[in-house]
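Structure data (mmCIF, C-alpha atoms) from final33.cif:
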```cif
data_start
#
loop_
_atom_site.label_atom_id
_atom_site.label_comp_id
_atom_site.auth_asym_id
_atom_site.auth_seq_id
_atom_site.Cartn_x
_atom_site.Cartn_y
_atom_site.Cartn_z
CA MET A 1 -37.96 109.10 -91.57
CA THR A 2 -37.99 105.29 -91.68
CA LEU A 3 -38.89 103.73 -95.02
CA ASP A 4 -40.80 100.47 -94.63
CA PHE A 5 -40.72 98.75 -98.02
CA ASP A 6 -44.02 96.93 -97.48
CA ASN A 7 -45.83 100.21 -96.73
CA ILE A 8 -45.78 101.78 -100.18
CA GLU A 9 -48.56 104.25 -99.35
CA ASP A 10 -46.18 105.93 -96.93
CA TRP A 11 -42.94 106.04 -98.90
CA ALA A 12 -44.08 106.35 -102.54
CA PRO A 13 -45.10 110.04 -102.24
CA LYS A 14 -41.73 110.80 -100.64
CA LEU A 15 -39.87 109.14 -103.50
CA THR A 16 -42.09 110.98 -106.00
CA ALA A 17 -40.93 114.27 -104.47
CA ALA A 18 -37.27 113.17 -104.59
CA LEU A 19 -37.58 112.18 -108.26
CA ARG A 20 -39.63 115.15 -109.43
CA PRO A 21 -36.59 116.91 -111.00
CA HIS A 22 -36.14 113.85 -113.23
CA VAL A 23 -39.69 112.48 -113.63
CA SER A 24 -42.08 115.22 -114.68
CA ASN A 25 -45.86 115.04 -114.87
CA TYR A 26 -45.46 114.66 -118.63
CA ILE A 27 -43.31 111.55 -118.19
CA GLU A 28 -45.81 110.12 -115.70
CA GLN A 29 -48.55 110.59 -118.30
CA LYS A 30 -46.47 108.83 -120.95
CA LEU A 31 -45.97 105.92 -118.56
CA LEU A 32 -49.72 105.71 -117.97
CA GLU A 33 -50.42 105.73 -121.69
CA ALA A 34 -48.09 102.78 -122.22
CA ALA A 35 -49.42 100.86 -119.21
CA PRO A 36 -51.28 98.17 -121.23
CA GLU A 37 -47.94 97.07 -122.70
CA TYR A 38 -46.45 96.19 -119.30
CA GLU A 39 -46.46 92.49 -118.54
CA TYR A 40 -43.90 92.48 -115.72
CA ILE A 41 -42.87 94.98 -113.08
CA GLU A 42 -39.44 95.20 -114.72
CA ASP A 43 -41.10 96.37 -117.96
CA THR A 44 -42.42 99.47 -116.19
CA GLN A 45 -38.96 100.34 -114.95
CA ASP A 46 -37.48 99.85 -118.43
CA MET A 47 -40.02 102.30 -119.83
CA LEU A 48 -39.14 104.82 -117.12
CA PHE A 49 -35.49 104.59 -118.11
CA HIS A 50 -36.44 105.00 -121.78
CA LEU A 51 -38.17 108.28 -120.97
CA THR A 52 -35.66 109.72 -118.49
CA ASP A 53 -31.97 110.07 -117.72
CA ARG A 54 -31.41 106.59 -116.29
CA ASP A 55 -28.28 107.43 -114.30
CA ALA A 56 -29.81 110.58 -112.83
CA VAL A 57 -32.88 108.64 -111.65
CA ILE A 58 -30.81 105.88 -110.05
CA ASP A 59 -28.47 108.33 -108.36
CA ALA A 60 -31.45 110.28 -107.01
CA VAL A 61 -32.85 107.11 -105.43
CA VAL A 62 -29.45 106.33 -103.91
CA ALA A 63 -29.30 109.81 -102.37
CA TRP A 64 -32.89 109.51 -101.10
CA LEU A 65 -32.20 106.18 -99.41
CA ARG A 66 -28.97 107.44 -97.88
CA SER A 67 -30.80 110.38 -96.33
CA SER A 68 -33.40 108.13 -94.68
CA LYS A 69 -33.62 105.17 -92.34
CA ILE A 70 -34.69 101.84 -93.81
CA ALA A 71 -36.71 99.24 -91.97
CA GLY A 72 -35.14 95.80 -91.78
CA TYR A 73 -36.64 92.67 -90.23
CA HIS A 74 -35.07 89.83 -88.30
CA GLY A 75 -37.07 86.69 -87.54
CA SER A 76 -36.36 83.61 -85.45
CA ARG A 77 -37.80 81.35 -82.76
CA LEU A 78 -36.85 82.84 -79.41
CA THR A 79 -37.66 82.45 -75.73
CA ASP A 80 -38.66 85.42 -73.59
CA SER A 81 -35.17 85.56 -72.08
CA GLU A 82 -33.61 85.61 -75.56
CA VAL A 83 -35.91 88.45 -76.57
CA HIS A 84 -34.86 90.37 -73.47
CA SER A 85 -31.20 89.80 -74.28
CA ILE A 86 -31.69 91.23 -77.78
CA GLN A 87 -33.52 94.24 -76.38
CA VAL A 88 -30.58 94.91 -74.05
CA ASN A 89 -27.59 93.82 -76.15
CA GLY A 90 -28.82 94.13 -79.74
CA LEU A 91 -28.61 91.50 -82.46
CA ILE A 92 -25.22 89.80 -82.12
CA PRO A 93 -23.37 88.06 -85.01
CA LEU A 94 -23.52 84.27 -84.97
CA GLU A 95 -20.84 82.62 -82.85
CA PRO A 96 -21.26 78.84 -83.22
CA GLU A 97 -19.74 77.96 -79.85
CA THR A 98 -22.36 80.05 -78.06
CA ARG A 99 -25.16 77.89 -79.49
CA ARG A 100 -24.17 74.78 -77.48
CA ASP A 101 -26.32 75.41 -74.39
CA ARG A 102 -29.36 76.41 -76.43
CA LEU A 103 -29.11 73.38 -78.67
CA THR A 104 -28.78 71.15 -75.63
CA ARG A 105 -31.90 72.62 -74.02
CA ALA A 106 -33.89 72.31 -77.25
CA LEU A 107 -32.80 68.81 -78.25
CA SER A 108 -32.28 67.01 -74.92
CA PRO A 109 -35.97 65.99 -74.49
CA ASN A 110 -35.46 63.48 -77.31
CA SER A 111 -34.94 59.90 -76.12
CA ARG A 112 -31.93 59.53 -78.41
CA TRP A 113 -30.18 62.58 -76.98
CA PRO A 114 -27.85 60.67 -74.60
CA LYS A 115 -26.55 58.76 -77.62
CA VAL A 116 -26.02 61.73 -79.94
CA ALA A 117 -24.97 64.33 -77.36
CA PRO A 118 -21.26 63.38 -77.65
CA GLN A 119 -21.48 64.37 -81.33
CA LEU A 120 -22.70 67.90 -80.58
CA ASP A 121 -19.27 69.57 -80.44
CA ALA A 122 -18.21 67.97 -83.72
CA ALA A 123 -21.42 69.12 -85.40
CA ILE A 124 -20.96 72.67 -84.09
CA GLN A 125 -17.42 72.71 -85.39
CA ALA A 126 -18.41 71.29 -88.78
CA TYR A 127 -21.14 73.86 -89.35
CA GLY A 128 -19.17 76.71 -87.81
CA GLN A 129 -16.37 76.79 -90.34
CA GLY A 130 -18.10 79.13 -92.77
CA SER A 131 -18.53 76.80 -95.74
CA ARG A 132 -21.74 75.33 -94.35
CA ALA A 133 -24.93 76.64 -92.73
CA GLY A 134 -25.32 79.34 -95.35
CA ARG A 135 -22.07 81.06 -94.33
CA ARG A 136 -23.79 82.75 -91.39
CA GLU A 137 -20.88 82.75 -88.92
CA GLY A 138 -19.97 86.27 -87.83
CA GLN A 139 -23.07 87.74 -89.47
CA VAL A 140 -26.44 89.21 -88.53
CA HIS A 141 -29.13 89.04 -91.20
CA LEU A 142 -32.04 91.41 -91.75
CA THR A 143 -34.41 91.39 -94.68
CA LEU A 144 -36.20 94.25 -96.40
CA SER A 145 -39.73 92.84 -96.50
CA ARG A 146 -41.67 91.68 -93.46
CA ALA A 147 -44.13 89.96 -95.81
CA GLY A 148 -41.24 88.06 -97.38
CA LEU A 149 -40.05 86.91 -93.97
CA THR A 150 -43.46 85.86 -92.65
CA GLN A 151 -45.09 84.54 -95.82
CA GLY A 152 -42.19 83.52 -98.04
CA PHE A 153 -38.93 82.27 -96.50
CA ASN A 154 -40.51 81.67 -93.09
CA HIS A 155 -38.51 78.61 -92.04
CA TYR A 156 -36.60 80.84 -89.60
CA LEU A 157 -39.86 81.51 -87.77
CA THR A 158 -40.76 77.83 -87.83
CA TYR A 159 -37.41 76.37 -86.75
CA GLY A 160 -35.20 79.27 -85.67
CA SER A 161 -31.56 79.91 -86.51
CA GLU A 162 -30.33 78.37 -89.76
CA PHE A 163 -27.22 77.21 -87.92
CA ASP A 164 -29.34 75.45 -85.29
CA GLN A 165 -31.37 73.83 -88.05
CA HIS A 166 -28.28 72.30 -89.63
CA VAL A 167 -26.98 70.94 -86.32
CA ALA A 168 -30.38 69.57 -85.24
CA GLN A 169 -30.88 67.91 -88.61
CA LYS A 170 -27.41 66.37 -88.42
CA LEU A 171 -27.92 64.95 -84.94
CA LEU A 172 -31.60 63.95 -84.86
CA GLY A 173 -33.01 64.41 -88.35
CA THR A 174 -36.71 65.23 -88.53
CA GLU A 175 -37.10 64.76 -84.80
CA GLY A 176 -34.50 67.44 -84.20
CA MET A 177 -36.33 69.88 -86.43
CA GLU A 178 -39.59 69.17 -84.61
CA LEU A 179 -37.91 69.94 -81.30
CA LEU A 180 -36.62 73.28 -82.63
CA ALA A 181 -40.14 74.08 -83.81
CA SER A 182 -41.46 73.60 -80.27
CA TYR A 183 -38.72 75.65 -78.55
CA GLY A 184 -39.39 79.35 -78.12
CA GLU A 185 -41.90 81.31 -80.16
CA PRO A 186 -41.75 82.94 -83.61
CA ARG A 187 -40.59 86.55 -83.18
CA VAL A 188 -40.05 89.32 -85.70
CA PHE A 189 -37.87 92.31 -84.80
CA LYS A 190 -38.14 95.58 -86.67
CA VAL A 191 -34.91 97.56 -87.02
CA ALA A 192 -34.49 101.13 -88.27
CA VAL A 193 -31.15 101.11 -90.12
CA PRO A 194 -29.41 104.34 -91.22
CA GLY A 195 -29.81 104.42 -94.98
CA ALA A 196 -26.13 104.66 -95.91
CA LEU A 197 -25.33 101.64 -93.73
CA ALA A 198 -28.31 99.69 -95.09
CA LEU A 199 -27.10 100.27 -98.66
CA ASP A 200 -23.62 99.05 -97.76
CA ALA A 201 -25.01 95.99 -95.97
CA ALA A 202 -27.32 95.09 -98.86
CA ASN A 203 -24.48 95.31 -101.39
CA ARG A 204 -21.94 93.03 -99.74
CA TYR A 205 -19.89 91.83 -102.68
CA PHE A 206 -19.80 95.02 -104.72
CA THR A 207 -20.23 98.52 -103.33
CA VAL A 208 -22.89 100.94 -104.49
CA ASP A 209 -20.20 102.87 -106.36
CA ASP A 210 -19.04 99.63 -108.02
CA PHE A 211 -22.56 99.00 -109.27
CA ARG A 212 -22.87 102.56 -110.54
CA ASP A 213 -19.49 102.39 -112.32
CA ARG A 214 -20.72 99.22 -114.07
CA GLY A 215 -24.00 100.86 -115.04
CA GLU A 216 -26.00 98.53 -112.78
CA ILE A 217 -28.66 99.19 -110.15
CA PRO A 218 -27.63 98.52 -106.53
CA ASN A 219 -29.72 96.37 -104.21
CA LEU A 220 -32.41 98.30 -102.31
CA VAL A 221 -32.41 100.93 -105.06
CA SER A 222 -33.79 98.37 -107.48
CA GLU A 223 -36.49 97.14 -105.10
CA PHE A 224 -37.79 100.59 -104.21
CA LEU A 225 -37.60 102.00 -107.74
CA LYS A 226 -39.37 99.09 -109.46
CA SER A 227 -42.19 99.18 -106.96
CA TRP A 228 -42.50 102.95 -107.12
CA VAL A 229 -42.82 103.19 -110.90
CA HIS A 230 -45.21 100.23 -111.05
CA ARG A 231 -47.38 101.96 -108.46
CA LEU A 232 -47.57 104.99 -110.77
CA VAL A 233 -49.23 102.98 -113.53
CA CYS A 234 -51.12 100.58 -111.25
CA PRO A 235 -52.37 102.53 -108.20
CA SER A 236 -53.73 99.40 -106.54
CA PHE A 237 -50.29 97.75 -106.50
CA GLN A 238 -48.95 96.84 -103.06
CA SER A 239 -45.23 96.25 -102.60
CA ASN A 240 -45.81 93.70 -99.84
CA THR A 241 -47.34 91.31 -102.40
CA LEU A 242 -43.85 90.81 -103.87
CA LYS A 243 -42.60 89.13 -100.66
CA VAL A 244 -39.15 90.42 -101.54
CA ASP A 245 -36.07 88.52 -100.34
CA CYS A 246 -33.41 91.23 -100.11
CA GLY A 247 -30.78 90.60 -97.46
CA ILE A 248 -29.18 93.33 -95.34
CA VAL A 249 -26.16 91.69 -93.73
CA PHE A 250 -23.98 93.07 -90.93
CA HIS A 251 -20.70 91.74 -89.57
CA GLN A 252 -21.03 93.55 -86.26
CA THR A 253 -23.69 93.84 -83.58
CA ILE A 254 -26.85 95.68 -84.60
CA PRO A 255 -27.37 98.10 -81.70
CA ALA A 256 -30.39 97.69 -79.47
CA ALA A 257 -31.09 101.40 -80.05
CA TRP A 258 -31.95 100.63 -83.69
CA ILE A 259 -34.67 98.14 -82.70
CA THR A 260 -38.06 99.84 -82.82
CA GLY A 261 -40.26 96.90 -81.78
CA PHE A 262 -40.98 93.22 -82.13
CA ASP A 263 -43.93 90.95 -82.81
CA THR A 264 -44.67 87.55 -81.34
CA LEU A 265 -46.49 85.48 -83.93
CA SER A 266 -48.91 83.00 -82.44
CA GLU A 267 -48.93 81.23 -85.81
CA ALA A 268 -45.92 81.73 -88.11
CA TYR A 269 -47.98 81.55 -91.29
CA ASN A 270 -50.71 83.96 -90.18
CA ARG A 271 -49.79 87.62 -90.09
CA ASN A 272 -53.17 88.52 -88.60
CA SER A 273 -52.60 86.70 -85.30
CA LEU A 274 -49.95 88.93 -83.76
CA SER A 275 -49.17 90.12 -80.28
CA THR A 276 -47.31 93.40 -80.80
CA ASN A 277 -44.74 94.73 -78.31
CA GLU A 278 -43.22 98.14 -78.99
CA ALA A 279 -39.69 98.58 -77.68
#
```

So, in terms of structure tokens, how does the structure I just supplied come out?
Amino acid sequence: MTLDFDNIEDWAPKLTAALRPHVSNYIEQKLLEAAPEYEYIEDTQDMLFHLTDRDAVIDAVVAWLRSSKIAGYHGSRLTDSEVHSIQVNGLIPLEPETRRDRLTRALSPNSRWPKVAPQLDAAIQAYGQGSRAGRREGQVHLTLSRAGLTQGFNHYLTYGSEFDQHVAQKLLGTEGMELLASYGEPRVFKVAVPGALALDAANRYFTVDDFRDRGEIPNLVSEFLKSWVHRLVCPSFQSNTLKVDCGIVFHQTIPAAWITGFDTLSEAYNRNSLSTNEA
């Protein structure tokens, strides 16, 4: 079972079943009665915790997620050959030195390239030391919400790798960014991540157990639970409208076997113009 956060119609009934020992029909009715008081989605969750055993509910969601697979999305601008490489080799952590040839192909059409090309190695080194470029070296990033990736933080689909963006901006400014935007096509990969690994990857700085010991709600648990309880009191609510930015970060290759498909977006800002390719 793969839980796709944006598809609440599919996963909400499953979470209802998992939480039934802790959230009875009576509690659901009390939530509905108080619905006019809710201004924010967090208010609904607070009321749920007021009516239930907070720790038991959170721990039940943790167990439910661990027993499932969770959909994660990776987006970038890629050529057909790069897509094929991912399908064969998986999503590989960023290695700055391996970006040299791609950056050269993307940026060399610019008339100023012969002048700035000698600076390429220095730029790669500067942005490959971990303190710059969003600390992406040695990492592969997925995100929980496809809507967030395509409609919110969609600069990856417009310009590609964040590392490439920094180097192109350094060398050629706006012209470099425009060249990245014309190289490859916007692609979105869907990945089915084992739930226990997804929870670990979404809670990078503190473990799930650390969060529970501190009485806090781990990442992923919070996103699913808030949306679920808000759906109870507002049946028309759609989780994809939140455009959630929840990172799932790995420090090793994401296996090709986890990839369930990819989309080629003909227009990065328009989810309706897609050419879908199932892996």

Take the PyMOL selection byres ((chain A and resi 88) around 12), apply it to the structure above, and return the hits as a PDB file with C-alpha atoms, in the coordinates of the input.
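Dumped to part_35.pdb:
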```
ATOM      1  CA  SER A  81     -35.170  85.560 -72.080  1.00  0.00           C
ATOM      2  CA  GLU A  82     -33.610  85.610 -75.560  1.00  0.00           C
ATOM      3  CA  VAL A  83     -35.910  88.450 -76.570  1.00  0.00           C
ATOM      4  CA  HIS A  84     -34.860  90.370 -73.470  1.00  0.00           C
ATOM      5  CA  SER A  85     -31.200  89.800 -74.280  1.00  0.00           C
ATOM      6  CA  ILE A  86     -31.690  91.230 -77.780  1.00  0.00           C
ATOM      7  CA  GLN A  87     -33.520  94.240 -76.380  1.00  0.00           C
ATOM      8  CA  ASN A  89     -27.590  93.820 -76.150  1.00  0.00           C
ATOM      9  CA  GLY A  90     -28.820  94.130 -79.740  1.00  0.00           C
ATOM     10  CA  LEU A  91     -28.610  91.500 -82.460  1.00  0.00           C
ATOM     11  CA  ILE A  92     -25.220  89.800 -82.120  1.00  0.00           C
ATOM     12  CA  THR A 253     -23.690  93.840 -83.580  1.00  0.00           C
ATOM     13  CA  ILE A 254     -26.850  95.680 -84.600  1.00  0.00           C
ATOM     14  CA  PRO A 255     -27.370  98.100 -81.700  1.00  0.00           C
ATOM     15  CA  ALA A 256     -30.390  97.690 -79.470  1.00  0.00           C
ATOM     16  CA  ALA A 257     -31.090 101.400 -80.050  1.00  0.00           C
ATOM     17  CA  TRP A 258     -31.950 100.630 -83.690  1.00  0.00           C
ATOM     18  CA  ILE A 259     -34.670  98.140 -82.700  1.00  0.00           C
ATOM     19  CA  ALA A 279     -39.690  98.580 -77.680  1.00  0.00           C
TER      20      ALA A 279
END
```

What gap, in Å, lies between CA of Leu94 (chain A) and CA of Phe163 (chain A)?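 Spanning CA of Leu94 (chain A) to CA of Phe163 (chain A) is a straight-line distance of 8.5 Å.
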
Go through A:Val191, A:Thr158, A:Ile58, A:Leu31 and flag the residue nearest Asp209 (chain A), using all atoms listed in the file for the distances.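 Among the listed residues, the smallest separation from Asp209 (chain A) belongs to A:Ile58.
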
Please expand the PyMOL selection byres ((chain A and resi 172) around 9) into the concrete residues it hits in this file, giving the result as a PyMOL selection string. chain A and resi 107+110+112-113+116+167-171+173-177

So how many Å separate CA of Gln29 (chain A) and CA of Leu48 (chain A), to one decimal?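 Those two atoms sit 11.1 Å apart.
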
Tell me which of A:Val249, A:Ile70, A:Val23, A:Val193 sits closest to Arg136 (chain A), counting only C-alpha atoms. A:Val249

Once the PyMOL selection byres ((chain A and resi 120) around 12) is applied to the coordinates I shared, what remains selected? I want it as a PyMOL selection string. chain A and resi 96-97+99-104+107-108+113-119+121-128+164+166-172

List as a list in words the residues having at least one atom at most 9 Å from position (-45.9, 109.8, -107.1) as given in the file, counting all atoms listed in the file.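 The residues near that point, listed by chain and number, are Ala12, Pro13, Lys14, Leu15, Thr16, Ala17, Leu19, Arg20, Glu28, Trp228, Val229, Arg231 and Leu232 of chain A.
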
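For the pair CA of Glu162 (chain A) and CA of Phe189 (chain A), the separation is 16.6 Å.
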
Dump as a list in words all residues having an atom at most 12 Å from (-45.3, 103.0, -123.0), computed in the file's coordinates with all atoms listed in the file. Ile27, Glu28, Gln29, Lys30, Leu31, Leu32, Glu33, Ala34, Ala35, Pro36, Glu37, Tyr38, Glu39, Asp43, Thr44, Gln45, Asp46, Met47, Leu48, Phe49, His50, Leu51 and Val233 of chain A

Nearest residue to Phe153 (chain A) from the set A:Asp80, A:Asp200, A:Glu216, A:Asp245 (distances using all atoms listed in the file): A:Asp245

Please determine, counting only C-alpha atoms, which residue among A:Lys190, A:Leu65, A:Thr52, A:Ala201 has the shortest atom-to-atom distance to Gln252 (chain A).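 With only C-alpha atoms as the atom set, the closest residue is A:Ala201.
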